[in-house]
Amino acid sequence: MVGLAVWGMRQRDKHHKEAKKKWDDAVAKKMNEPASLHPEIDPTLCGGCGACVAACPEGEIIKLINHRAVLVEPTACVGHGACQVACPYDAIQLVFGTKTRGMELPRIDANFQTNVPGLYIAGELGGMGLIRNAVKQGKLAALHASKTLSGGGGAQFDVLIVGCGPAGLAASLACAEAKVKYICIEQAKFGGTIYNFPKQKVVMSHPLDFPLVGQFKFNKNKVSKEELLSLWTHLKKQSNLNMIEDCRFINLQKQGDVFHVETSKGPMTAKKVILGMGVRGTPRKLNLPNEDMTKVTYNLLDPDQYQQKWIAVVGGGNAGVEAAQYLCKPGLRNKVFLLVRGPTFDRCNEENQNIIKDYERKGMVKICYNTTVEQIHADHLMVKMDGQMLRLQNDYLFVFAGAILPFAFLKSLGIMIDTKYGEAVKASS
């Protein structure tokens, strides 16, 4: 018994030192503040049980230090919220921004309605990523919109939904279940953001609860892009959803109780509008001459298209790191360079970091830290690495530098934008 106790104390001390080292490293690299939705842990309530550590799907980015839970890798957190659910002491709440680093978000209430009555925002555009969050929000927004419809006429549709991704699909199903007249428009293809993911990408690991059709669980809690899109296509056909692809949302104006919506396929009118279009429609660019060359792209659909090429991938987050993983597979025989602006990866989960670093050890990819693209040419790039200009042979340049949030556009629609400084997520009604 004494020996077991001593062993347990040594293990605890070992884990404590590892956690403290991770936290000190994050502070030293100025990566100790999360950029978006994250857990805030109250040390006065935390019991040090470690349930949150075990529950986190992103690896051990929460650890125990001095018997209290600490978010030791804040930039790797994507706001799953599993830690909050697992905590038996109610010591964790999900918050937007921090006390010193604000986060801009459109103003929405607990029903995901903006300050413009009848205009809703669901999914990633509202500050919360993850497919299951988008599904839940699309459902709740549509239910509230359906229940609060005015009796007057004069509109083609009761509800117009923008975006055929997870939020749009859930909202469409909720409208169909409520038997209201609706339409869902998508500027590209059915699936929205998911459609633009690389082939066979694992896109989620949790069950989804859809209106009208119920809950869907996935084998081993994982599902590929193709499997998920196949399921969604089945739901679309089964429920005979009213969706239009290749129809871009341009603008809207509210006149009385009716929204007049301008689209690439002509004007439409609706009593309620739900914006579920995500934030990936406007990728952040490098703003360099020649960036309009066909060799420059901001998305990766089919890695097999690129073989025996010199490829540079810009981005130290999950999207860039995963693209480099796909493109450096030995069978493709590419020369792949992953260009990371800072001294380390930015908001990239531990699993992806371990994979890409292992690939580098095997000679499959070259990771270039402290590196930026300075010039783009037809057959090469000029990059600055640690202050030195280098010429890099190049056939394709993939840029994953995030997306430009359409706040100016939202403001033009009358939606107010607030800055959150560690404000807790409101409970959904």
# chains A, B, ... in the order shown; residues from 1 in each chain; ligands from 1

$ closest_atom_pairs --of "range 54-169 of chain A" --to "range 220-238 of chain A" --cutoff "12 Å" --atoms "only C-alpha atoms" --output "CSV"
residue,atom,partner,partner_atom,distance
A:Pro57,CA,A:Asn221,CA,11.2
A:Ile131,CA,A:Leu228,CA,10.8
A:Val135,CA,A:Trp232,CA,11.9
A:Cys164,CA,A:Trp232,CA,10.1
A:Gly165,CA,A:Trp232,CA,9.4
A:Pro166,CA,A:Trp232,CA,8.8
A:Ala167,CA,A:Trp232,CA,11.9
A:Gly168,CA,A:Trp232,CA,11.2
A:Leu169,CA,A:Trp232,CA,7.9

$ write_last_selection --atoms "N, CA and C atoms" --output "short mmCIF file (atom, residue, chain, number, x, y, z; two decimals), in the first residue's frame"
data_model
loop_
_atom_site.label_atom_id
_atom_site.label_comp_id
_atom_site.auth_asym_id
_atom_site.auth_seq_id
_atom_site.Cartn_x
_atom_site.Cartn_y
_atom_site.Cartn_z
N PRO A 57 -11.50 16.37 -26.56
CA PRO A 57 -11.22 15.62 -27.80
C PRO A 57 -9.93 16.07 -28.48
N ILE A 131 -19.44 21.20 -36.21
CA ILE A 131 -20.65 20.84 -36.94
C ILE A 131 -21.85 20.68 -36.02
N VAL A 135 -25.49 22.56 -36.27
CA VAL A 135 -26.76 21.82 -36.38
C VAL A 135 -27.74 22.28 -35.30
N CYS A 164 -26.15 25.95 -47.35
CA CYS A 164 -26.59 24.55 -47.27
C CYS A 164 -25.55 23.69 -46.54
N GLY A 165 -24.91 24.26 -45.53
CA GLY A 165 -24.03 23.50 -44.67
C GLY A 165 -24.81 22.89 -43.52
N PRO A 166 -24.14 22.54 -42.42
CA PRO A 166 -24.84 21.90 -41.30
C PRO A 166 -25.93 22.76 -40.69
N ALA A 167 -25.69 24.07 -40.55
CA ALA A 167 -26.73 24.95 -39.99
C ALA A 167 -27.92 25.06 -40.93
N GLY A 168 -27.63 25.22 -42.22
CA GLY A 168 -28.70 25.33 -43.20
C GLY A 168 -29.51 24.07 -43.34
N LEU A 169 -28.83 22.92 -43.30
CA LEU A 169 -29.54 21.64 -43.38
C LEU A 169 -30.47 21.46 -42.19
#

$ closest_atom_pairs --of "range 244-336 of chain A" --to "range 407-416 of chain A" --cutoff "9 Å" --atoms "only C-alpha atoms" --output "tab-separated table"
residue	atom	partner	partner_atom	distance
A:Asn251	CA	A:Leu413	CA	7.7
A:Leu252	CA	A:Leu413	CA	6.9
A:Gln253	CA	A:Leu413	CA	7.2
A:Lys254	CA	A:Leu413	CA	8.9

$ select_by_dssp --residues "range 95-314 of chain A" --states "helix (DSSP H, G or I)" --output "VMD selection string"
chain A and resid 124 to 126 131 to 147 166 to 178 192 to 196 219 to 221 225 to 238 303 to 305

$ residues_around --residues "Gly422 in chain A" --least-positions-apart "3" --cutoff "9 Å" --atoms "only C-alpha atoms" --output "count of residues only"
11

$ residues_around --residues "Asn66 in chain A" --least-positions-apart "2" --cutoff "9 Å" --atoms "only C-alpha atoms" --output "MDAnalysis selection string"
chainID A and resid 16 48 64 68:69

$ write_last_selection --atoms "C-alpha atoms" --output "compact mmCIF listing (two decimals), in the first residue's frame"
# COMPACT_ATOMS: atom_id res chain seq x y z
CA HIS A 16 2.36 18.33 -12.77
CA GLY A 48 -8.88 18.59 -9.38
CA LEU A 64 -3.75 19.70 -13.72
CA ARG A 68 -6.36 22.50 -10.40
CA ALA A 69 -7.32 22.31 -14.08

$ residues_around --residues "range 389-399 of chain A" --least-positions-apart "2" --cutoff "10 Å" --atoms "only C-alpha atoms" --output "PDB file with N, CA, C and O atoms, in the first residue's frame"
ATOM      1  N   PRO A 283     -11.611  33.812 -48.154  1.00  0.00           N
ATOM      2  CA  PRO A 283     -10.325  33.449 -47.550  1.00  0.00           C
ATOM      3  C   PRO A 283      -9.405  34.663 -47.443  1.00  0.00           C
ATOM      4  O   PRO A 283      -9.429  35.549 -48.291  1.00  0.00           O
ATOM      5  N   ARG A 284      -8.610  34.700 -46.384  1.00  0.00           N
ATOM      6  CA  ARG A 284      -7.637  35.777 -46.216  1.00  0.00           C
ATOM      7  C   ARG A 284      -6.480  35.556 -47.179  1.00  0.00           C
ATOM      8  O   ARG A 284      -5.918  34.471 -47.249  1.00  0.00           O
ATOM      9  N   LYS A 285      -6.130  36.591 -47.944  1.00  0.00           N
ATOM     10  CA  LYS A 285      -5.085  36.471 -48.955  1.00  0.00           C
ATOM     11  C   LYS A 285      -3.770  37.062 -48.461  1.00  0.00           C
ATOM     12  O   LYS A 285      -3.712  37.736 -47.426  1.00  0.00           O
ATOM     13  N   LEU A 286      -2.710  36.830 -49.226  1.00  0.00           N
ATOM     14  CA  LEU A 286      -1.393  37.339 -48.880  1.00  0.00           C
ATOM     15  C   LEU A 286      -1.201  38.775 -49.341  1.00  0.00           C
ATOM     16  O   LEU A 286      -0.260  39.444 -48.914  1.00  0.00           O
ATOM     17  N   GLU A 291      -0.785  37.155 -57.121  1.00  0.00           N
ATOM     18  CA  GLU A 291      -1.545  36.192 -56.314  1.00  0.00           C
ATOM     19  C   GLU A 291      -2.760  35.664 -57.077  1.00  0.00           C
ATOM     20  O   GLU A 291      -3.373  34.666 -56.668  1.00  0.00           O
ATOM     21  N   MET A 293      -2.553  34.314 -59.935  1.00  0.00           N
ATOM     22  CA  MET A 293      -2.121  33.208 -60.798  1.00  0.00           C
ATOM     23  C   MET A 293      -2.913  31.950 -60.471  1.00  0.00           C
ATOM     24  O   MET A 293      -3.308  31.716 -59.329  1.00  0.00           O
ATOM     25  N   THR A 294      -3.105  31.100 -61.482  1.00  0.00           N
ATOM     26  CA  THR A 294      -3.869  29.859 -61.277  1.00  0.00           C
ATOM     27  C   THR A 294      -3.141  28.891 -60.343  1.00  0.00           C
ATOM     28  O   THR A 294      -3.777  27.981 -59.795  1.00  0.00           O
ATOM     29  N   LYS A 295      -1.852  29.061 -60.145  1.00  0.00           N
ATOM     30  CA  LYS A 295      -1.098  28.189 -59.248  1.00  0.00           C
ATOM     31  C   LYS A 295      -1.412  28.461 -57.777  1.00  0.00           C
ATOM     32  O   LYS A 295      -1.100  27.649 -56.915  1.00  0.00           O
ATOM     33  N   VAL A 296      -2.042  29.598 -57.486  1.00  0.00           N
ATOM     34  CA  VAL A 296      -2.361  29.977 -56.105  1.00  0.00           C
ATOM     35  C   VAL A 296      -3.795  29.585 -55.793  1.00  0.00           C
ATOM     36  O   VAL A 296      -4.721  29.937 -56.524  1.00  0.00           O
ATOM     37  N   THR A 297      -3.992  28.840 -54.714  1.00  0.00           N
ATOM     38  CA  THR A 297      -5.338  28.393 -54.344  1.00  0.00           C
ATOM     39  C   THR A 297      -5.490  28.438 -52.833  1.00  0.00           C
ATOM     40  O   THR A 297      -4.502  28.437 -52.091  1.00  0.00           O
ATOM     41  N   TYR A 298      -6.744  28.474 -52.383  1.00  0.00           N
ATOM     42  CA  TYR A 298      -7.046  28.622 -50.959  1.00  0.00           C
ATOM     43  C   TYR A 298      -7.860  27.437 -50.445  1.00  0.00           C
ATOM     44  O   TYR A 298      -8.469  27.517 -49.386  1.00  0.00           O
ATOM     45  N   ASN A 299      -7.825  26.371 -51.208  1.00  0.00           N
ATOM     46  CA  ASN A 299      -8.628  25.207 -50.850  1.00  0.00           C
ATOM     47  C   ASN A 299      -7.990  23.964 -51.442  1.00  0.00           C
ATOM     48  O   ASN A 299      -7.267  24.032 -52.438  1.00  0.00           O
ATOM     49  N   LEU A 300      -8.225  22.820 -50.821  1.00  0.00           N
ATOM     50  CA  LEU A 300      -7.719  21.542 -51.331  1.00  0.00           C
ATOM     51  C   LEU A 300      -8.857  20.539 -51.318  1.00  0.00           C
ATOM     52  O   LEU A 300      -9.308  20.110 -50.257  1.00  0.00           O
ATOM     53  N   TYR A 306      -2.477  16.474 -57.615  1.00  0.00           N
ATOM     54  CA  TYR A 306      -1.148  17.082 -57.569  1.00  0.00           C
ATOM     55  C   TYR A 306      -0.098  15.979 -57.374  1.00  0.00           C
ATOM     56  O   TYR A 306       0.008  15.394 -56.293  1.00  0.00           O
ATOM     57  N   GLN A 308       4.060  14.756 -58.402  1.00  0.00           N
ATOM     58  CA  GLN A 308       5.398  15.113 -58.867  1.00  0.00           C
ATOM     59  C   GLN A 308       5.535  16.637 -59.041  1.00  0.00           C
ATOM     60  O   GLN A 308       6.072  17.116 -60.034  1.00  0.00           O
ATOM     61  N   LYS A 309       5.029  17.391 -58.056  1.00  0.00           N
ATOM     62  CA  LYS A 309       5.074  18.853 -58.113  1.00  0.00           C
ATOM     63  C   LYS A 309       5.840  19.411 -56.905  1.00  0.00           C
ATOM     64  O   LYS A 309       5.975  18.765 -55.875  1.00  0.00           O
ATOM     65  N   TRP A 310       6.321  20.653 -57.081  1.00  0.00           N
ATOM     66  CA  TRP A 310       6.902  21.406 -55.982  1.00  0.00           C
ATOM     67  C   TRP A 310       5.772  22.249 -55.394  1.00  0.00           C
ATOM     68  O   TRP A 310       5.220  23.117 -56.067  1.00  0.00           O
ATOM     69  N   ILE A 311       5.438  21.975 -54.124  1.00  0.00           N
ATOM     70  CA  ILE A 311       4.251  22.577 -53.515  1.00  0.00           C
ATOM     71  C   ILE A 311       4.630  23.285 -52.218  1.00  0.00           C
ATOM     72  O   ILE A 311       5.358  22.740 -51.386  1.00  0.00           O
ATOM     73  N   ALA A 312       4.122  24.497 -52.052  1.00  0.00           N
ATOM     74  CA  ALA A 312       4.271  25.238 -50.801  1.00  0.00           C
ATOM     75  C   ALA A 312       2.897  25.424 -50.178  1.00  0.00           C
ATOM     76  O   ALA A 312       1.935  25.766 -50.871  1.00  0.00           O
ATOM     77  N   VAL A 313       2.800  25.181 -48.878  1.00  0.00           N
ATOM     78  CA  VAL A 313       1.552  25.363 -48.135  1.00  0.00           C
ATOM     79  C   VAL A 313       1.793  26.417 -47.065  1.00  0.00           C
ATOM     80  O   VAL A 313       2.687  26.271 -46.231  1.00  0.00           O
ATOM     81  N   VAL A 314       1.020  27.479 -47.088  1.00  0.00           N
ATOM     82  CA  VAL A 314       1.131  28.545 -46.095  1.00  0.00           C
ATOM     83  C   VAL A 314       0.078  28.330 -45.015  1.00  0.00           C
ATOM     84  O   VAL A 314      -1.110  28.216 -45.322  1.00  0.00           O
ATOM     85  N   GLY A 315       0.517  28.276 -43.764  1.00  0.00           N
ATOM     86  CA  GLY A 315      -0.450  28.160 -42.670  1.00  0.00           C
ATOM     87  C   GLY A 315      -0.015  27.194 -41.595  1.00  0.00           C
ATOM     88  O   GLY A 315       0.294  26.039 -41.889  1.00  0.00           O
ATOM     89  N   ALA A 319      -5.897  23.573 -40.848  1.00  0.00           N
ATOM     90  CA  ALA A 319      -6.178  23.461 -42.277  1.00  0.00           C
ATOM     91  C   ALA A 319      -4.894  23.344 -43.083  1.00  0.00           C
ATOM     92  O   ALA A 319      -4.773  22.480 -43.968  1.00  0.00           O
ATOM     93  N   GLY A 320      -3.906  24.199 -42.799  1.00  0.00           N
ATOM     94  CA  GLY A 320      -2.646  24.157 -43.530  1.00  0.00           C
ATOM     95  C   GLY A 320      -1.856  22.894 -43.266  1.00  0.00           C
ATOM     96  O   GLY A 320      -1.321  22.263 -44.188  1.00  0.00           O
ATOM     97  N   ALA A 323      -3.499  19.932 -44.982  1.00  0.00           N
ATOM     98  CA  ALA A 323      -3.259  19.974 -46.432  1.00  0.00           C
ATOM     99  C   ALA A 323      -1.861  19.464 -46.750  1.00  0.00           C
ATOM    100  O   ALA A 323      -1.668  18.694 -47.709  1.00  0.00           O
ATOM    101  N   ALA A 324      -0.873  19.874 -45.964  1.00  0.00           N
ATOM    102  CA  ALA A 324       0.497  19.402 -46.178  1.00  0.00           C
ATOM    103  C   ALA A 324       0.581  17.889 -45.990  1.00  0.00           C
ATOM    104  O   ALA A 324       1.292  17.192 -46.730  1.00  0.00           O
ATOM    105  N   LYS A 335       7.202  17.426 -53.719  1.00  0.00           N
ATOM    106  CA  LYS A 335       8.134  18.096 -52.815  1.00  0.00           C
ATOM    107  C   LYS A 335       7.311  19.158 -52.079  1.00  0.00           C
ATOM    108  O   LYS A 335       6.892  20.152 -52.674  1.00  0.00           O
ATOM    109  N   VAL A 336       7.069  18.931 -50.791  1.00  0.00           N
ATOM    110  CA  VAL A 336       6.137  19.779 -50.053  1.00  0.00           C
ATOM    111  C   VAL A 336       6.870  20.575 -48.981  1.00  0.00           C
ATOM    112  O   VAL A 336       7.644  20.014 -48.190  1.00  0.00           O
ATOM    113  N   PHE A 337       6.600  21.885 -48.944  1.00  0.00           N
ATOM    114  CA  PHE A 337       7.157  22.784 -47.945  1.00  0.00           C
ATOM    115  C   PHE A 337       6.000  23.421 -47.177  1.00  0.00           C
ATOM    116  O   PHE A 337       5.110  24.028 -47.788  1.00  0.00           O
ATOM    117  N   LEU A 338       6.008  23.280 -45.870  1.00  0.00           N
ATOM    118  CA  LEU A 338       4.993  23.894 -45.018  1.00  0.00           C
ATOM    119  C   LEU A 338       5.582  25.175 -44.432  1.00  0.00           C
ATOM    120  O   LEU A 338       6.531  25.126 -43.640  1.00  0.00           O
ATOM    121  N   LEU A 339       5.017  26.310 -44.811  1.00  0.00           N
ATOM    122  CA  LEU A 339       5.556  27.610 -44.409  1.00  0.00           C
ATOM    123  C   LEU A 339       4.741  28.161 -43.240  1.00  0.00           C
ATOM    124  O   LEU A 339       3.552  28.451 -43.379  1.00  0.00           O
ATOM    125  N   THR A 371       8.729  31.911 -41.497  1.00  0.00           N
ATOM    126  CA  THR A 371       8.839  32.035 -42.954  1.00  0.00           C
ATOM    127  C   THR A 371       7.588  32.690 -43.534  1.00  0.00           C
ATOM    128  O   THR A 371       6.469  32.322 -43.180  1.00  0.00           O
ATOM    129  N   THR A 372       7.800  33.642 -44.428  1.00  0.00           N
ATOM    130  CA  THR A 372       6.693  34.293 -45.124  1.00  0.00           C
ATOM    131  C   THR A 372       6.990  34.344 -46.625  1.00  0.00           C
ATOM    132  O   THR A 372       8.148  34.387 -47.036  1.00  0.00           O
ATOM    133  N   VAL A 373       5.929  34.328 -47.419  1.00  0.00           N
ATOM    134  CA  VAL A 373       6.081  34.469 -48.869  1.00  0.00           C
ATOM    135  C   VAL A 373       6.175  35.958 -49.194  1.00  0.00           C
ATOM    136  O   VAL A 373       5.317  36.749 -48.792  1.00  0.00           O
ATOM    137  N   GLU A 374       7.216  36.340 -49.935  1.00  0.00           N
ATOM    138  CA  GLU A 374       7.432  37.738 -50.294  1.00  0.00           C
ATOM    139  C   GLU A 374       7.101  38.018 -51.756  1.00  0.00           C
ATOM    140  O   GLU A 374       6.613  39.093 -52.091  1.00  0.00           O
ATOM    141  N   GLN A 375       7.367  37.052 -52.639  1.00  0.00           N
ATOM    142  CA  GLN A 375       7.095  37.237 -54.060  1.00  0.00           C
ATOM    143  C   GLN A 375       6.593  35.925 -54.664  1.00  0.00           C
ATOM    144  O   GLN A 375       7.048  34.842 -54.267  1.00  0.00           O
ATOM    145  N   ILE A 376       5.676  36.049 -55.626  1.00  0.00           N
ATOM    146  CA  ILE A 376       5.128  34.892 -56.322  1.00  0.00           C
ATOM    147  C   ILE A 376       5.501  34.992 -57.796  1.00  0.00           C
ATOM    148  O   ILE A 376       5.203  36.000 -58.455  1.00  0.00           O
ATOM    149  N   HIS A 377       6.154  33.962 -58.304  1.00  0.00           N
ATOM    150  CA  HIS A 377       6.533  33.913 -59.714  1.00  0.00           C
ATOM    151  C   HIS A 377       6.006  32.621 -60.335  1.00  0.00           C
ATOM    152  O   HIS A 377       5.556  31.716 -59.624  1.00  0.00           O
ATOM    153  N   ALA A 378       6.072  32.540 -61.649  1.00  0.00           N
ATOM    154  CA  ALA A 378       5.480  31.409 -62.364  1.00  0.00           C
ATOM    155  C   ALA A 378       6.065  30.073 -61.925  1.00  0.00           C
ATOM    156  O   ALA A 378       5.342  29.083 -61.786  1.00  0.00           O
ATOM    157  N   ASP A 379       7.384  30.004 -61.700  1.00  0.00           N
ATOM    158  CA  ASP A 379       8.013  28.723 -61.382  1.00  0.00           C
ATOM    159  C   ASP A 379       8.736  28.718 -60.039  1.00  0.00           C
ATOM    160  O   ASP A 379       9.401  27.756 -59.694  1.00  0.00           O
ATOM    161  N   HIS A 380       8.609  29.812 -59.277  1.00  0.00           N
ATOM    162  CA  HIS A 380       9.271  29.834 -57.971  1.00  0.00           C
ATOM    163  C   HIS A 380       8.636  30.890 -57.058  1.00  0.00           C
ATOM    164  O   HIS A 380       7.838  31.730 -57.508  1.00  0.00           O
ATOM    165  N   LEU A 381       8.995  30.816 -55.789  1.00  0.00           N
ATOM    166  CA  LEU A 381       8.603  31.812 -54.797  1.00  0.00           C
ATOM    167  C   LEU A 381       9.861  32.427 -54.198  1.00  0.00           C
ATOM    168  O   LEU A 381      10.900  31.769 -54.111  1.00  0.00           O
ATOM    169  N   MET A 382       9.770  33.660 -53.772  1.00  0.00           N
ATOM    170  CA  MET A 382      10.801  34.259 -52.941  1.00  0.00           C
ATOM    171  C   MET A 382      10.236  34.316 -51.530  1.00  0.00           C
ATOM    172  O   MET A 382       9.185  34.936 -51.303  1.00  0.00           O
ATOM    173  N   VAL A 383      10.882  33.642 -50.609  1.00  0.00           N
ATOM    174  CA  VAL A 383      10.402  33.585 -49.236  1.00  0.00           C
ATOM    175  C   VAL A 383      11.455  34.158 -48.299  1.00  0.00           C
ATOM    176  O   VAL A 383      12.658  34.108 -48.588  1.00  0.00           O
ATOM    177  N   LYS A 384      10.981  34.706 -47.194  1.00  0.00           N
ATOM    178  CA  LYS A 384      11.876  35.221 -46.167  1.00  0.00           C
ATOM    179  C   LYS A 384      11.845  34.270 -44.983  1.00  0.00           C
ATOM    180  O   LYS A 384      10.793  34.080 -44.361  1.00  0.00           O
ATOM    181  N   MET A 385      13.002  33.646 -44.707  1.00  0.00           N
ATOM    182  CA  MET A 385      13.096  32.692 -43.612  1.00  0.00           C
ATOM    183  C   MET A 385      14.145  33.187 -42.614  1.00  0.00           C
ATOM    184  O   MET A 385      15.310  33.363 -42.964  1.00  0.00           O
ATOM    185  N   ASP A 386      13.686  33.442 -41.397  1.00  0.00           N
ATOM    186  CA  ASP A 386      14.594  33.968 -40.361  1.00  0.00           C
ATOM    187  C   ASP A 386      15.347  35.196 -40.857  1.00  0.00           C
ATOM    188  O   ASP A 386      16.548  35.379 -40.595  1.00  0.00           O
ATOM    189  N   GLY A 387      14.640  36.049 -41.618  1.00  0.00           N
ATOM    190  CA  GLY A 387      15.235  37.290 -42.083  1.00  0.00           C
ATOM    191  C   GLY A 387      16.020  37.196 -43.367  1.00  0.00           C
ATOM    192  O   GLY A 387      16.478  38.223 -43.890  1.00  0.00           O
ATOM    193  N   ALA A 401      -4.638  30.915 -44.567  1.00  0.00           N
ATOM    194  CA  ALA A 401      -4.362  31.986 -43.602  1.00  0.00           C
ATOM    195  C   ALA A 401      -5.636  32.440 -42.894  1.00  0.00           C
ATOM    196  O   ALA A 401      -5.719  33.554 -42.392  1.00  0.00           O
ATOM    197  N   GLY A 402      -6.640  31.576 -42.871  1.00  0.00           N
ATOM    198  CA  GLY A 402      -7.889  31.921 -42.221  1.00  0.00           C
ATOM    199  C   GLY A 402      -8.850  32.609 -43.173  1.00  0.00           C
ATOM    200  O   GLY A 402      -8.625  32.671 -44.381  1.00  0.00           O
TER     201      GLY A 402
END

$ atom_distance --atom1 "CA of Ala403 in chain A" --atom2 "CA of Val70 in chain A"
29.0 Å

$ select_by_dssp --residues "range 141-342 of chain A" --states "strand (DSSP E)" --output "PyMOL selection string"
chain A and resi 157-162+182-185+202-204+208-210+214-216+223-224+243-244+249-255+258-263+266-275+296-297+310-314+335-339

$ write_last_selection --atoms "C-alpha atoms" --output "mmCIF file, in the first residue's frame"
data_model
loop_
_atom_site.group_PDB
_atom_site.id
_atom_site.type_symbol
_atom_site.label_atom_id
_atom_site.label_comp_id
_atom_site.auth_asym_id
_atom_site.auth_seq_id
_atom_site.Cartn_x
_atom_site.Cartn_y
_atom_site.Cartn_z
ATOM 1 C CA PHE A 157 -41.480 32.361 -48.252
ATOM 2 C CA ASP A 158 -41.940 32.214 -44.514
ATOM 3 C CA VAL A 159 -38.236 31.503 -43.984
ATOM 4 C CA LEU A 160 -35.268 31.970 -46.313
ATOM 5 C CA ILE A 161 -32.086 30.150 -45.278
ATOM 6 C CA VAL A 162 -28.651 31.156 -46.602
ATOM 7 C CA TYR A 182 -39.077 27.888 -46.798
ATOM 8 C CA ILE A 183 -36.170 27.890 -49.234
ATOM 9 C CA CYS A 184 -32.455 27.248 -48.647
ATOM 10 C CA ILE A 185 -29.920 28.792 -51.055
ATOM 11 C CA VAL A 202 -12.468 12.983 -40.893
ATOM 12 C CA VAL A 203 -14.753 15.888 -40.148
ATOM 13 C CA MET A 204 -16.364 15.075 -36.810
ATOM 14 C CA LEU A 208 -25.819 14.578 -34.689
ATOM 15 C CA ASP A 209 -29.424 15.224 -33.692
ATOM 16 C CA PHE A 210 -31.411 16.523 -36.664
ATOM 17 C CA GLY A 214 -33.655 12.123 -35.424
ATOM 18 C CA GLN A 215 -30.145 11.280 -34.216
ATOM 19 C CA PHE A 216 -27.310 9.755 -36.217
ATOM 20 C CA VAL A 223 -17.018 9.968 -40.104
ATOM 21 C CA SER A 224 -15.348 11.029 -43.342
ATOM 22 C CA MET A 243 -32.668 23.787 -51.727
ATOM 23 C CA ILE A 244 -31.014 25.669 -54.605
ATOM 24 C CA PHE A 249 -26.763 35.710 -51.496
ATOM 25 C CA ILE A 250 -25.953 39.326 -52.399
ATOM 26 C CA ASN A 251 -27.927 41.626 -50.117
ATOM 27 C CA LEU A 252 -31.177 42.172 -48.263
ATOM 28 C CA GLN A 253 -33.397 45.011 -47.132
ATOM 29 C CA LYS A 254 -36.264 44.893 -44.703
ATOM 30 C CA GLN A 255 -39.408 46.714 -45.727
ATOM 31 C CA VAL A 258 -40.787 41.458 -45.183
ATOM 32 C CA PHE A 259 -37.154 40.911 -46.176
ATOM 33 C CA HIS A 260 -36.348 41.639 -49.821
ATOM 34 C CA VAL A 261 -33.386 39.399 -50.639
ATOM 35 C CA GLU A 262 -31.140 39.930 -53.642
ATOM 36 C CA THR A 263 -29.562 36.740 -55.036
ATOM 37 C CA GLY A 266 -33.084 36.972 -58.884
ATOM 38 C CA PRO A 267 -34.976 38.653 -56.020
ATOM 39 C CA MET A 268 -36.785 36.711 -53.305
ATOM 40 C CA THR A 269 -38.940 37.792 -50.369
ATOM 41 C CA ALA A 270 -39.314 36.192 -46.942
ATOM 42 C CA LYS A 271 -40.737 36.951 -43.506
ATOM 43 C CA LYS A 272 -37.649 35.546 -41.748
ATOM 44 C CA VAL A 273 -34.042 35.043 -42.851
ATOM 45 C CA ILE A 274 -31.433 32.710 -41.324
ATOM 46 C CA LEU A 275 -27.777 33.334 -42.222
ATOM 47 C CA VAL A 296 -2.361 29.977 -56.105
ATOM 48 C CA THR A 297 -5.338 28.393 -54.344
ATOM 49 C CA TRP A 310 6.902 21.406 -55.982
ATOM 50 C CA ILE A 311 4.251 22.577 -53.515
ATOM 51 C CA ALA A 312 4.271 25.238 -50.801
ATOM 52 C CA VAL A 313 1.552 25.363 -48.135
ATOM 53 C CA VAL A 314 1.131 28.545 -46.095
ATOM 54 C CA LYS A 335 8.134 18.096 -52.815
ATOM 55 C CA VAL A 336 6.137 19.779 -50.053
ATOM 56 C CA PHE A 337 7.157 22.784 -47.945
ATOM 57 C CA LEU A 338 4.993 23.894 -45.018
ATOM 58 C CA LEU A 339 5.556 27.610 -44.409
#

$ atom_distance --atom1 "CA of Ala174 in chain A" --atom2 "CA of Ile194 in chain A"
20.2 Å

$ atom_distance --atom1 "CA of Thr282 in chain A" --atom2 "CA of His144 in chain A"
28.9 Å

$ residues_around --residues "Ile62 in chain A" --least-positions-apart "4" --cutoff "9 Å" --atoms "only C-alpha atoms" --output "PyMOL selection string"
chain A and resi 19+50+52-54+56+69-74+83

$ closest_residue --among "A:Lys329, A:Lys17, A:Arg341, A:Arg132" --to "Ile355 in chain A" --atoms "only C-alpha atoms"
A:Lys329

$ closest_residue --among "A:Ser146, A:Asn318, A:Thr114, A:Gln305" --to "Asn349 in chain A" --atoms "only C-alpha atoms"
A:Asn318

$ closest_residue --among "A:Leu288, A:Val279, A:Pro198, A:Ser239" --to "Val213 in chain A" --atoms "only C-alpha atoms"
A:Ser239
